[in-house]
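This is coords03.txt (compact mmCIF, C-alpha atoms and all ligand atoms).
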```txt
# COMPACT_ATOMS: atom_id res chain seq x y z
CA MET N 1 271.18 64.17 41.05
CA ALA N 2 268.01 64.19 43.16
CA LYS N 3 264.78 64.22 41.23
CA ILE N 4 262.59 67.34 41.32
CA LYS N 5 259.67 66.89 43.68
CA MET N 6 256.14 68.00 42.84
CA LYS N 7 253.38 69.02 45.25
CA THR N 8 250.13 68.86 43.29
CA PRO N 9 249.52 66.26 40.59
CA LEU N 10 249.07 67.23 36.96
CA VAL N 11 245.96 65.87 35.33
CA GLU N 12 247.40 63.57 32.68
CA MET N 13 245.10 62.86 29.73
CA ASP N 14 246.56 60.10 27.58
CA GLY N 15 245.44 59.76 23.97
CA ASP N 16 245.64 57.84 20.72
CA GLU N 17 247.83 56.48 17.94
CA MET N 18 251.28 57.97 17.25
CA THR N 19 250.92 60.69 19.85
CA ARG N 20 250.22 58.01 22.46
CA VAL N 21 253.49 56.35 21.46
CA ILE N 22 255.33 59.70 21.73
CA TRP N 23 253.63 60.43 25.07
CA LYS N 24 255.26 57.43 26.72
CA MET N 25 258.64 58.13 25.11
CA ILE N 26 258.65 61.73 26.40
CA LYS N 27 257.90 60.54 29.92
CA ASP N 28 260.48 57.74 29.81
CA ILE N 29 263.30 59.69 28.18
CA LEU N 30 262.86 63.31 29.23
CA LEU N 31 260.67 63.53 32.33
CA ASN N 32 260.91 60.52 34.64
CA PRO N 33 264.72 60.62 34.90
CA TYR N 34 264.58 64.21 36.24
CA ILE N 35 261.23 64.61 37.99
CA ASP N 36 259.35 62.63 40.58
CA LEU N 37 256.40 62.98 38.26
CA LYS N 38 253.08 63.29 40.07
CA THR N 39 250.06 62.86 37.81
CA GLU N 40 246.47 61.76 38.09
CA TYR N 41 246.11 59.58 35.01
CA TYR N 42 243.07 59.52 32.72
CA ASP N 43 243.12 57.30 29.66
CA LEU N 44 241.36 59.21 26.89
CA GLY N 45 242.43 56.64 24.31
CA LEU N 46 239.41 55.71 22.20
CA GLU N 47 239.23 52.14 23.53
CA TYR N 48 238.88 53.31 27.12
CA ARG N 49 236.44 56.07 26.16
CA GLU N 50 234.29 53.35 24.58
CA LYS N 51 234.65 51.15 27.67
CA THR N 52 233.52 53.93 30.02
CA GLY N 53 230.81 55.36 27.76
CA ASP N 54 233.03 58.44 27.47
CA GLN N 55 232.71 59.09 31.22
CA VAL N 56 236.52 59.20 31.46
CA THR N 57 236.58 62.39 29.36
CA THR N 58 234.14 64.16 31.67
CA ASP N 59 236.03 62.88 34.73
CA SER N 60 239.31 64.24 33.39
CA ALA N 61 237.78 67.70 32.86
CA ILE N 62 236.34 67.66 36.37
CA ALA N 63 239.77 66.70 37.73
CA THR N 64 241.22 69.71 35.87
CA LYS N 65 238.83 71.91 37.80
CA LYS N 66 240.01 70.26 41.02
CA TYR N 67 243.79 70.50 40.46
CA GLY N 68 244.05 73.42 38.03
CA VAL N 69 246.50 72.14 35.41
CA ALA N 70 246.16 69.37 32.82
CA VAL N 71 248.30 68.03 30.00
CA LYS N 72 246.56 66.28 27.13
CA CYS N 73 247.70 63.94 24.38
CA ALA N 74 245.99 64.16 20.97
CA THR N 75 242.89 61.98 20.69
CA ILE N 76 240.79 60.54 17.89
CA THR N 77 237.51 62.29 17.22
CA PRO N 78 235.52 59.37 15.83
CA ASN N 79 233.92 59.52 12.39
CA ALA N 80 232.09 56.71 10.57
CA GLU N 81 235.40 55.05 9.61
CA ARG N 82 236.61 55.05 13.22
CA VAL N 83 233.32 53.57 14.41
CA ASN N 84 234.11 50.52 12.26
CA GLU N 85 237.82 50.48 13.02
CA TYR N 86 237.32 50.52 16.80
CA ASN N 87 233.98 48.73 16.84
CA LEU N 88 232.33 51.61 18.69
CA THR N 89 228.81 51.54 20.10
CA GLN N 90 228.51 55.29 19.43
CA MET N 91 230.25 58.01 17.47
CA TRP N 92 231.65 59.60 20.64
CA LYS N 93 231.99 63.36 20.64
CA SER N 94 235.31 65.14 20.31
CA PRO N 95 237.05 64.92 23.73
CA ASN N 96 238.38 68.43 23.19
CA GLY N 97 234.84 69.66 22.63
CA THR N 98 233.63 67.94 25.82
CA ILE N 99 236.52 69.31 27.88
CA ARG N 100 236.07 72.81 26.48
CA ALA N 101 232.36 72.73 27.22
CA ILE N 102 233.12 71.90 30.87
CA LEU N 103 236.04 74.31 31.38
CA ASP N 104 234.84 77.11 29.04
CA GLY N 105 237.70 79.48 28.27
CA THR N 106 239.94 80.32 25.38
CA VAL N 107 242.52 78.32 23.46
CA PHE N 108 245.79 80.15 22.74
CA ARG N 109 247.93 78.66 19.98
CA ALA N 110 251.41 79.89 19.21
CA PRO N 111 254.15 78.49 16.95
CA ILE N 112 257.51 77.39 18.30
CA LEU N 113 260.04 79.39 16.27
CA VAL N 114 263.50 78.09 15.38
CA ASP N 115 266.10 80.20 13.59
CA SER N 116 266.70 77.91 10.66
CA ILE N 117 263.06 77.56 9.64
CA LYS N 118 261.62 80.65 8.02
CA PRO N 119 257.85 81.16 7.79
CA PHE N 120 256.27 80.85 4.31
CA VAL N 121 254.96 84.37 4.76
CA LYS N 122 258.20 86.32 4.47
CA THR N 123 257.01 89.30 6.53
CA TRP N 124 256.22 87.18 9.60
CA THR N 125 259.19 87.67 11.88
CA LYS N 126 257.32 87.27 15.18
CA PRO N 127 254.90 84.54 16.29
CA ILE N 128 251.18 85.05 15.76
CA THR N 129 249.15 83.69 18.66
CA ILE N 130 245.66 82.56 17.75
CA ALA N 131 243.14 82.89 20.57
CA ARG N 132 240.24 80.61 19.75
CA HIS N 133 236.96 81.01 21.58
CA ALA N 134 236.36 77.55 22.96
CA TYR N 135 232.61 77.57 23.43
CA GLY N 136 229.54 77.22 21.25
CA ASP N 137 228.72 78.23 17.67
CA VAL N 138 228.88 75.39 15.15
CA TYR N 139 230.51 73.06 17.75
CA LYS N 140 227.32 73.07 19.82
CA ASN N 141 224.93 73.20 16.89
CA VAL N 142 221.66 71.45 16.22
CA GLU N 143 221.33 70.37 12.63
CA TYR N 144 218.46 69.05 10.64
CA ARG N 145 218.38 67.52 7.20
CA VAL N 146 215.17 68.86 5.70
CA PRO N 147 213.72 65.97 3.68
CA GLU N 148 210.87 67.76 1.92
CA ALA N 149 209.04 71.03 1.42
CA GLY N 150 208.00 72.82 4.60
CA LYS N 151 208.59 75.83 6.80
CA ALA N 152 211.57 76.17 9.16
CA GLU N 153 211.22 78.57 12.07
CA LEU N 154 213.41 79.89 14.85
CA VAL N 155 211.40 79.77 18.09
CA PHE N 156 212.47 81.18 21.45
CA THR N 157 210.29 80.52 24.50
CA ASN N 158 211.05 82.45 27.66
CA GLU N 159 210.46 81.17 31.17
CA LYS N 160 206.97 82.66 31.24
CA GLY N 161 206.11 80.65 28.15
CA GLU N 162 206.05 83.63 25.77
CA GLU N 163 207.25 82.86 22.27
CA VAL N 164 209.24 84.74 19.66
CA ARG N 165 209.07 83.20 16.20
CA GLU N 166 210.92 83.96 13.02
CA THR N 167 210.85 82.16 9.71
CA ILE N 168 214.21 80.78 8.66
CA HIS N 169 213.08 79.57 5.27
CA ASP N 170 210.06 78.32 3.38
CA PHE N 171 211.48 75.17 1.85
CA LYS N 172 210.11 74.21 -1.55
CA GLY N 173 212.04 70.95 -1.36
CA ALA N 174 214.85 69.23 0.55
CA GLY N 175 217.61 71.24 2.23
CA VAL N 176 219.47 71.74 5.48
CA ILE N 177 219.08 73.88 8.59
CA GLN N 178 221.31 74.52 11.55
CA GLY N 179 220.79 76.21 14.91
CA MET N 180 223.71 77.71 16.80
CA HIS N 181 224.06 79.58 20.06
CA ASN N 182 226.49 81.37 22.26
CA ILE N 183 226.12 83.01 25.66
CA ASP N 184 227.15 86.48 26.83
CA LYS N 185 228.96 85.06 29.85
CA SER N 186 231.25 82.96 27.66
CA ILE N 187 231.89 85.78 25.18
CA GLU N 188 232.74 88.06 28.11
CA SER N 189 235.22 85.59 29.55
CA PHE N 190 236.67 85.09 26.04
CA ALA N 191 237.24 88.84 25.79
CA ARG N 192 238.77 89.03 29.26
CA SER N 193 241.07 86.02 28.65
CA CYS N 194 242.33 87.67 25.47
CA PHE N 195 242.88 91.06 27.06
CA ASN N 196 244.60 89.52 30.13
CA TYR N 197 246.82 87.32 27.98
CA ALA N 198 247.71 90.37 25.85
CA LEU N 199 248.77 92.29 28.95
CA ASP N 200 250.87 89.27 30.06
CA MET N 201 252.54 88.98 26.66
CA LYS N 202 252.64 92.74 25.96
CA GLN N 203 251.09 92.16 22.56
CA ASP N 204 248.22 93.82 20.67
CA VAL N 205 244.87 92.05 20.34
CA TRP N 206 243.14 91.84 16.96
CA PHE N 207 239.55 90.69 16.85
CA ALA N 208 237.34 90.14 13.82
CA THR N 209 233.87 88.84 13.03
CA LYS N 210 231.44 89.12 10.13
CA ASP N 211 229.19 91.66 11.86
CA THR N 212 228.10 93.31 8.59
CA ILE N 213 226.31 90.09 7.58
CA SER N 214 225.54 88.65 11.01
CA LYS N 215 223.99 91.77 12.49
CA LYS N 216 222.90 90.21 15.76
CA TYR N 217 225.03 87.11 16.34
CA ASP N 218 228.45 88.41 15.34
CA HIS N 219 227.59 91.97 16.26
CA THR N 220 227.04 90.86 19.86
CA PHE N 221 230.63 89.54 19.94
CA LYS N 222 231.90 92.89 18.63
CA ASP N 223 229.85 94.90 21.15
CA ILE N 224 230.81 92.78 24.16
CA PHE N 225 234.51 93.03 23.31
CA GLN N 226 234.27 96.79 22.83
CA GLU N 227 232.38 97.36 26.07
CA ILE N 228 234.73 95.24 28.20
CA TYR N 229 237.75 96.82 26.57
CA GLU N 230 236.57 100.37 27.23
CA LYS N 231 235.41 99.70 30.80
CA GLU N 232 238.21 97.48 32.06
CA TYR N 233 241.25 97.52 29.81
CA ASP N 234 241.65 100.79 27.94
CA THR N 235 243.85 102.42 30.60
CA LYS N 236 245.90 99.27 31.22
CA PHE N 237 246.51 98.81 27.48
CA LYS N 238 247.62 102.43 27.08
CA GLU N 239 250.00 102.07 30.04
CA SER N 240 251.46 98.92 28.44
CA GLY N 241 251.72 100.55 25.04
CA ILE N 242 249.54 97.93 23.38
CA GLU N 243 246.34 98.22 21.33
CA TYR N 244 242.99 96.58 20.80
CA PHE N 245 242.02 96.52 17.14
CA TYR N 246 238.68 95.39 15.66
CA THR N 247 238.00 94.78 11.98
CA LEU N 248 235.94 92.56 9.66
CA ILE N 249 237.18 88.97 9.32
CA ASP N 250 238.00 89.32 5.60
CA ASP N 251 239.96 92.51 6.26
CA ALA N 252 241.73 90.82 9.17
CA VAL N 253 242.88 87.93 6.96
CA ALA N 254 244.33 90.37 4.42
CA ARG N 255 246.10 92.39 7.11
CA VAL N 256 247.47 89.33 8.90
CA VAL N 257 249.13 88.10 5.72
CA ARG N 258 250.87 91.46 5.27
CA SER N 259 251.81 91.87 8.96
CA GLU N 260 255.08 91.11 10.73
CA GLY N 261 253.29 89.07 13.42
CA GLY N 262 253.77 89.54 17.14
CA PHE N 263 250.10 89.95 18.12
CA ILE N 264 247.21 87.92 19.48
CA TRP N 265 244.52 87.23 16.92
CA ALA N 266 241.26 86.60 18.77
CA CYS N 267 239.00 84.35 16.68
CA LYS N 268 235.51 82.99 17.06
CA ASN N 269 235.40 79.22 17.54
CA TYR N 270 235.27 78.13 13.88
CA ASP N 271 237.58 80.89 12.60
CA GLY N 272 240.11 79.86 15.24
CA ASP N 273 239.90 76.21 14.19
CA VAL N 274 240.66 77.06 10.55
CA MET N 275 243.07 79.97 11.03
CA SER N 276 245.24 78.17 13.56
CA ASP N 277 245.98 75.41 11.03
CA MET N 278 246.70 78.03 8.38
CA VAL N 279 249.02 79.97 10.68
CA ALA N 280 250.72 76.78 11.89
CA THR N 281 251.38 75.58 8.35
CA ALA N 282 252.64 79.01 7.27
CA PHE N 283 255.02 79.15 10.23
CA GLY N 284 256.43 75.82 9.16
CA SER N 285 254.74 72.81 10.63
CA LEU N 286 251.60 71.83 12.50
CA ALA N 287 253.95 69.82 14.68
CA MET N 288 255.48 73.08 15.96
CA MET N 289 252.23 74.58 17.20
CA THR N 290 251.52 74.74 20.92
CA SER N 291 248.08 75.06 22.41
CA VAL N 292 246.70 75.93 25.84
CA LEU N 293 243.11 76.23 26.99
CA VAL N 294 242.81 78.94 29.65
CA SER N 295 239.52 78.98 31.56
CA PRO N 296 238.11 82.18 33.05
CA GLU N 297 238.45 80.56 36.47
CA GLY N 298 242.19 80.12 35.88
CA PHE N 299 242.40 76.43 34.90
CA TYR N 300 244.93 75.42 32.25
CA GLU N 301 244.95 72.52 29.81
CA TYR N 302 248.07 72.17 27.65
CA GLU N 303 248.26 70.16 24.44
CA ALA N 304 249.75 69.98 20.97
CA ALA N 305 247.69 71.62 18.25
CA HIS N 306 248.03 68.64 15.91
CA GLY N 307 246.17 65.35 15.81
CA THR N 308 247.20 61.76 16.40
CA VAL N 309 249.38 61.50 13.25
CA GLN N 310 247.48 58.45 12.06
CA ARG N 311 249.61 57.77 8.97
CA HIS N 312 252.79 57.45 11.05
CA TYR N 313 251.00 55.21 13.53
CA TYR N 314 250.07 52.72 10.82
CA GLN N 315 253.73 52.67 9.73
CA HIS N 316 254.73 52.16 13.36
CA LEU N 317 252.29 49.24 13.68
CA LYS N 318 253.86 47.61 10.61
CA GLY N 319 257.23 47.88 12.33
CA GLN N 320 258.42 50.61 9.96
CA GLU N 321 260.54 53.49 11.18
CA THR N 322 258.74 56.78 11.82
CA SER N 323 260.05 60.31 12.04
CA THR N 324 257.29 62.02 14.00
CA ASN N 325 257.95 65.44 15.46
CA SER N 326 257.38 65.46 19.21
CA MET N 327 258.03 69.20 19.79
CA ALA N 328 254.43 70.35 20.35
CA THR N 329 253.65 67.40 22.63
CA LEU N 330 256.86 68.07 24.54
CA PHE N 331 255.92 71.75 24.90
CA ALA N 332 252.52 70.69 26.23
CA TRP N 333 254.37 68.92 29.05
CA THR N 334 256.79 71.79 29.69
CA GLY N 335 253.95 74.31 29.65
CA ALA N 336 251.99 72.28 32.18
CA LEU N 337 255.02 71.62 34.40
CA ARG N 338 256.00 75.31 34.34
CA LYS N 339 252.48 76.39 35.29
CA ARG N 340 252.40 73.76 38.08
CA GLY N 341 255.76 75.12 39.27
CA GLU N 342 254.40 78.69 39.26
CA LEU N 343 251.24 77.76 41.15
CA ASP N 344 253.05 75.62 43.73
CA GLY N 345 256.13 77.85 44.03
CA ILE N 346 258.58 75.18 42.80
CA ASN N 347 261.38 77.08 41.05
CA GLU N 348 263.26 73.93 40.10
CA LEU N 349 260.28 72.76 38.09
CA ILE N 350 260.01 76.11 36.25
CA GLU N 351 263.74 76.08 35.49
CA PHE N 352 263.57 72.49 34.28
CA ALA N 353 260.69 73.31 31.91
CA ASP N 354 262.64 76.30 30.52
CA LYS N 355 265.79 74.22 30.06
CA LEU N 356 263.98 71.38 28.36
CA GLU N 357 262.39 73.79 25.86
CA LYS N 358 265.75 75.43 25.18
CA ALA N 359 267.42 72.03 24.77
CA SER N 360 264.84 70.91 22.22
CA ILE N 361 265.15 74.13 20.18
CA LYS N 362 268.93 73.97 20.40
CA THR N 363 268.89 70.38 19.14
CA ILE N 364 267.00 71.48 16.03
CA GLU N 365 269.23 74.51 15.56
CA ASN N 366 272.23 72.16 15.77
CA GLY N 367 270.78 70.39 12.74
CA VAL N 368 269.19 67.36 14.38
CA MET N 369 265.50 67.10 13.49
CA THR N 370 262.63 64.96 12.27
CA LYS N 371 261.73 64.62 8.59
CA ASP N 372 258.97 67.24 8.55
CA LEU N 373 261.42 69.93 9.70
CA ALA N 374 264.33 68.71 7.58
CA ALA N 375 262.19 69.51 4.55
CA LEU N 376 261.84 73.12 5.73
CA SER N 377 265.17 73.90 7.36
CA GLU N 378 267.68 76.23 5.73
CA LEU N 379 270.63 74.53 7.46
CA LYS N 380 273.26 72.93 5.21
CA HIS N 381 274.10 70.01 7.46
CA ILE N 382 271.06 68.18 8.70
CA LYS N 383 270.84 64.88 10.52
CA THR N 384 267.34 63.50 10.04
CA VAL N 385 266.38 61.29 12.96
CA ASN N 386 263.53 58.96 13.84
CA THR N 387 260.89 59.60 16.48
CA GLU N 388 262.80 58.15 19.40
CA GLN N 389 266.26 59.31 18.31
CA PHE N 390 265.09 62.92 18.36
CA LEU N 391 264.10 62.64 22.02
CA VAL N 392 267.38 60.91 22.85
CA GLU N 393 269.25 63.75 21.12
CA VAL N 394 267.26 66.33 23.12
CA LYS N 395 268.25 64.45 26.27
CA LYS N 396 271.92 64.70 25.27
CA THR N 397 271.60 68.46 24.73
CA LEU N 398 269.72 68.80 28.02
CA ASP N 399 272.32 66.82 29.98
CA ALA N 400 275.08 68.98 28.50
CA MET N 401 273.19 72.10 29.62
CA MET N 402 272.63 70.86 33.21
P1 LIG O 1 247.08 65.29 12.21
O1 LIG O 1 247.41 66.56 12.89
O2 LIG O 1 247.30 64.05 12.98
O3 LIG O 1 247.89 65.22 10.84
C1 LIG O 1 247.75 66.20 9.82
C2 LIG O 1 249.00 66.20 8.93
O4 LIG O 1 250.09 66.80 9.61
C3 LIG O 1 249.46 64.82 8.52
O5 LIG O 1 249.94 64.88 7.22
C4 LIG O 1 250.59 64.51 9.48
O6 LIG O 1 251.51 63.63 8.93
C5 LIG O 1 251.17 65.91 9.77
N1 LIG O 1 251.60 65.98 11.18
C6 LIG O 1 250.83 66.35 12.23
N2 LIG O 1 251.53 66.28 13.37
C7 LIG O 1 252.75 65.84 13.04
C8 LIG O 1 253.91 65.54 13.80
N3 LIG O 1 253.92 65.68 15.12
N4 LIG O 1 255.02 65.12 13.15
C9 LIG O 1 255.01 64.99 11.83
N5 LIG O 1 253.94 65.24 11.05
C10 LIG O 1 252.82 65.66 11.65
O7 LIG O 1 245.55 65.40 11.77
P2 LIG O 1 244.59 64.38 10.98
O8 LIG O 1 245.38 63.44 10.17
O9 LIG O 1 243.58 65.22 10.35
O10 LIG O 1 243.86 63.59 12.12
C11 LIG O 1 244.31 62.36 12.71
C12 LIG O 1 243.48 62.09 13.94
O11 LIG O 1 243.73 63.08 14.92
C13 LIG O 1 241.99 62.12 13.69
O12 LIG O 1 241.39 60.98 14.24
C14 LIG O 1 241.50 63.38 14.40
O13 LIG O 1 240.23 63.21 14.95
C15 LIG O 1 242.53 63.58 15.47
N6 LIG O 1 242.76 64.99 15.87
C16 LIG O 1 242.90 65.24 17.19
C17 LIG O 1 243.20 66.51 17.65
C18 LIG O 1 243.35 66.72 19.12
O14 LIG O 1 243.23 65.82 19.90
N7 LIG O 1 243.67 67.91 19.56
C19 LIG O 1 243.37 67.55 16.73
C20 LIG O 1 243.25 67.26 15.37
C21 LIG O 1 242.96 65.98 14.95
```

Could you take the file, read its structure, and then write that structure out as structure tokens?
Amino acid sequence: MAKIKMKTPLVEMDGDEMTRVIWKMIKDILLNPYIDLKTEYYDLGLEYREKTGDQVTTDSAIATKKYGVAVKCATITPNAERVNEYNLTQMWKSPNGTIRAILDGTVFRAPILVDSIKPFVKTWTKPITIARHAYGDVYKNVEYRVPEAGKAELVFTNEKGEEVRETIHDFKGAGVIQGMHNIDKSIESFARSCFNYALDMKQDVWFATKDTISKKYDHTFKDIFQEIYEKEYDTKFKESGIEYFYTLIDDAVARVVRSEGGFIWACKNYDGDVMSDMVATAFGSLAMMTSVLVSPEGFYEYEAAHGTVQRHYYQHLKGQETSTNSMATLFAWTGALRKRGELDGINELIEFADKLEKASIKTIENGVMTKDLAALSELKHIKTVNTEQFLVEVKKTLDAMM
């Protein structure tokens, strides 16, 4: 069978540890045999980030703006331990943070549902998509460890040199302070991405902040959402039979737990970080959570929601067998290939992405799965497989479907 041809390259962002191992396996076993894979390769593995002074991360984000679609492997965000382990000259910033700062946009995370794995929250029968604002707040903060007594102030100087000053705290001794920001333009595009995605998916949007406590910061988010909704989306939502719903973050959490799912939960940056892991775990496994960053300019970056699965990587290095779940990384590839197919008008590529997703879900529903899922599945007959075997089994299912 002739391989599927591509027109525009995908921006391929390679990564670290176990997910880097899986990355290559997915390409070798499930992509290269079927597609004349066209990618522009960027090595975001920590060693190469160190070698290039992290320039490679910036370059990969710029390439995403050029071509439109990227697929990213999980990467290490260095901490003090990693600085020693990899002999780093600097504690490089989170690549995801750098990429998000360049592309702006919103991260949508949704679980991959399989019949035999029931969510921990019994009422959740439909996926909950978390839309995480991908700019600013604590991820772009300025922090200061206050060593002694003194006064901390918030100072804003406009272009004319006029100052506004407000006391944060009169410290009587040591403490901490933190400055955060966000910009209207980014909040507006966050709102629009959520409302557009909701219209695409025909799902309600829930949004929540802590505007009762944060009367200016969080309240601005609430106001911007409301204004954009009323001006641009109210009619379209009514025509689609969907709703926009705003509430306080604590109320939202309580309602989400009692809901049946099937909506988009728009979250501020930090809330989205925390809630997406909670939702992923409750739906079964972090390894079954997909993630896509959608920029307001229409650029897409697909990835798995999980990290580099460090523990499995160390087993792998010792020559021990691993049973790492490759579903979310595989769905990052299929998501990116499908989007590339849509943008370039290549139906074969779209169909291939659909089939590969179906084959992987079918494989699990047939009882063949990695250890993490075997522990959750309600099936009676389960064949637990190792990392590579799972991909080989998916290939068998795929070949049978073709
Ligand atoms: P992790 O997601 O790698 O692992 C968290 C837990 O989930 C572990 O117990 C792991 O065994 C399990 N798990 C995750 N994915 C799995 C999979 N595919 N199959 C089976 N089990 C899976 O997160 P971590 O351990 O906190 O972080 C490891 C590294 O990943 C860190 O260096 C961190 O900086 C990085 N990280 C990267 C990203 C990203 O690139 N998007 C996201 C999170 C963490």

Could I get the residue neighbourhood of ligand LIG 1 (chain O) at 6 Å, counting all atoms listed in the file, as a PyMOL selection string? chain N and resi 74-77+286-287+305-310+324-326+372

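Across N:Pro9, N:Gly261, N:Gly284, N:Gly298, the tightest approach to N:Ser116 is made by N:Gly284 when counting all atoms listed in the file.
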
Long-range neighbours of stretch 161-170 of chain N as an MDAnalysis selection string, 9 Å cut-off, only C-alpha atoms, 4 positions minimum in chain: chainID N and resid 149:157 177

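You will find atom CA of N:Phe331 at 28.3 Å from atom CA of N:Arg258.
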
For a quick check of your reading of the model, name the residues lying within 6 Å of the coordinate (269.6, 71.7, 27.6), counting only C-alpha atoms, and write them as a PyMOL selection string. chain N and resi 355-356+358-359+397-398+401

Written selection (C-alpha atoms) as a tab-separated table (two decimals), keeping the file's coordinate frame:
```tsv
chain	number	residue	atom	x	y	z
N	355	LYS	CA	265.79	74.22	30.06
N	356	LEU	CA	263.98	71.38	28.36
N	358	LYS	CA	265.75	75.43	25.18
N	359	ALA	CA	267.42	72.03	24.77
N	397	THR	CA	271.60	68.46	24.73
N	398	LEU	CA	269.72	68.80	28.02
N	401	MET	CA	273.19	72.10	29.62
```

12 Å contact set for N:Glu239, all atoms listed in the file, chain neighbours under 5 positions out, as a list in words: Leu199, Lys202, Tyr233 and Asp234 of chain N

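Between N:Glu47 and the candidates N:Tyr86, N:Trp333, N:Trp265, N:Tyr197, the tightest atom-to-atom separation, counting all atoms listed in the file, involves N:Tyr86.
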
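Nearest to N:Ala131 of all the residues N:Ile264, N:Leu349, N:Ile364, N:Val294 is N:Ile264, counting all atoms listed in the file.
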
Atom CA of N:Glu85 to atom CA of N:Thr329: how many Å, to one decimal? 25.1 Å
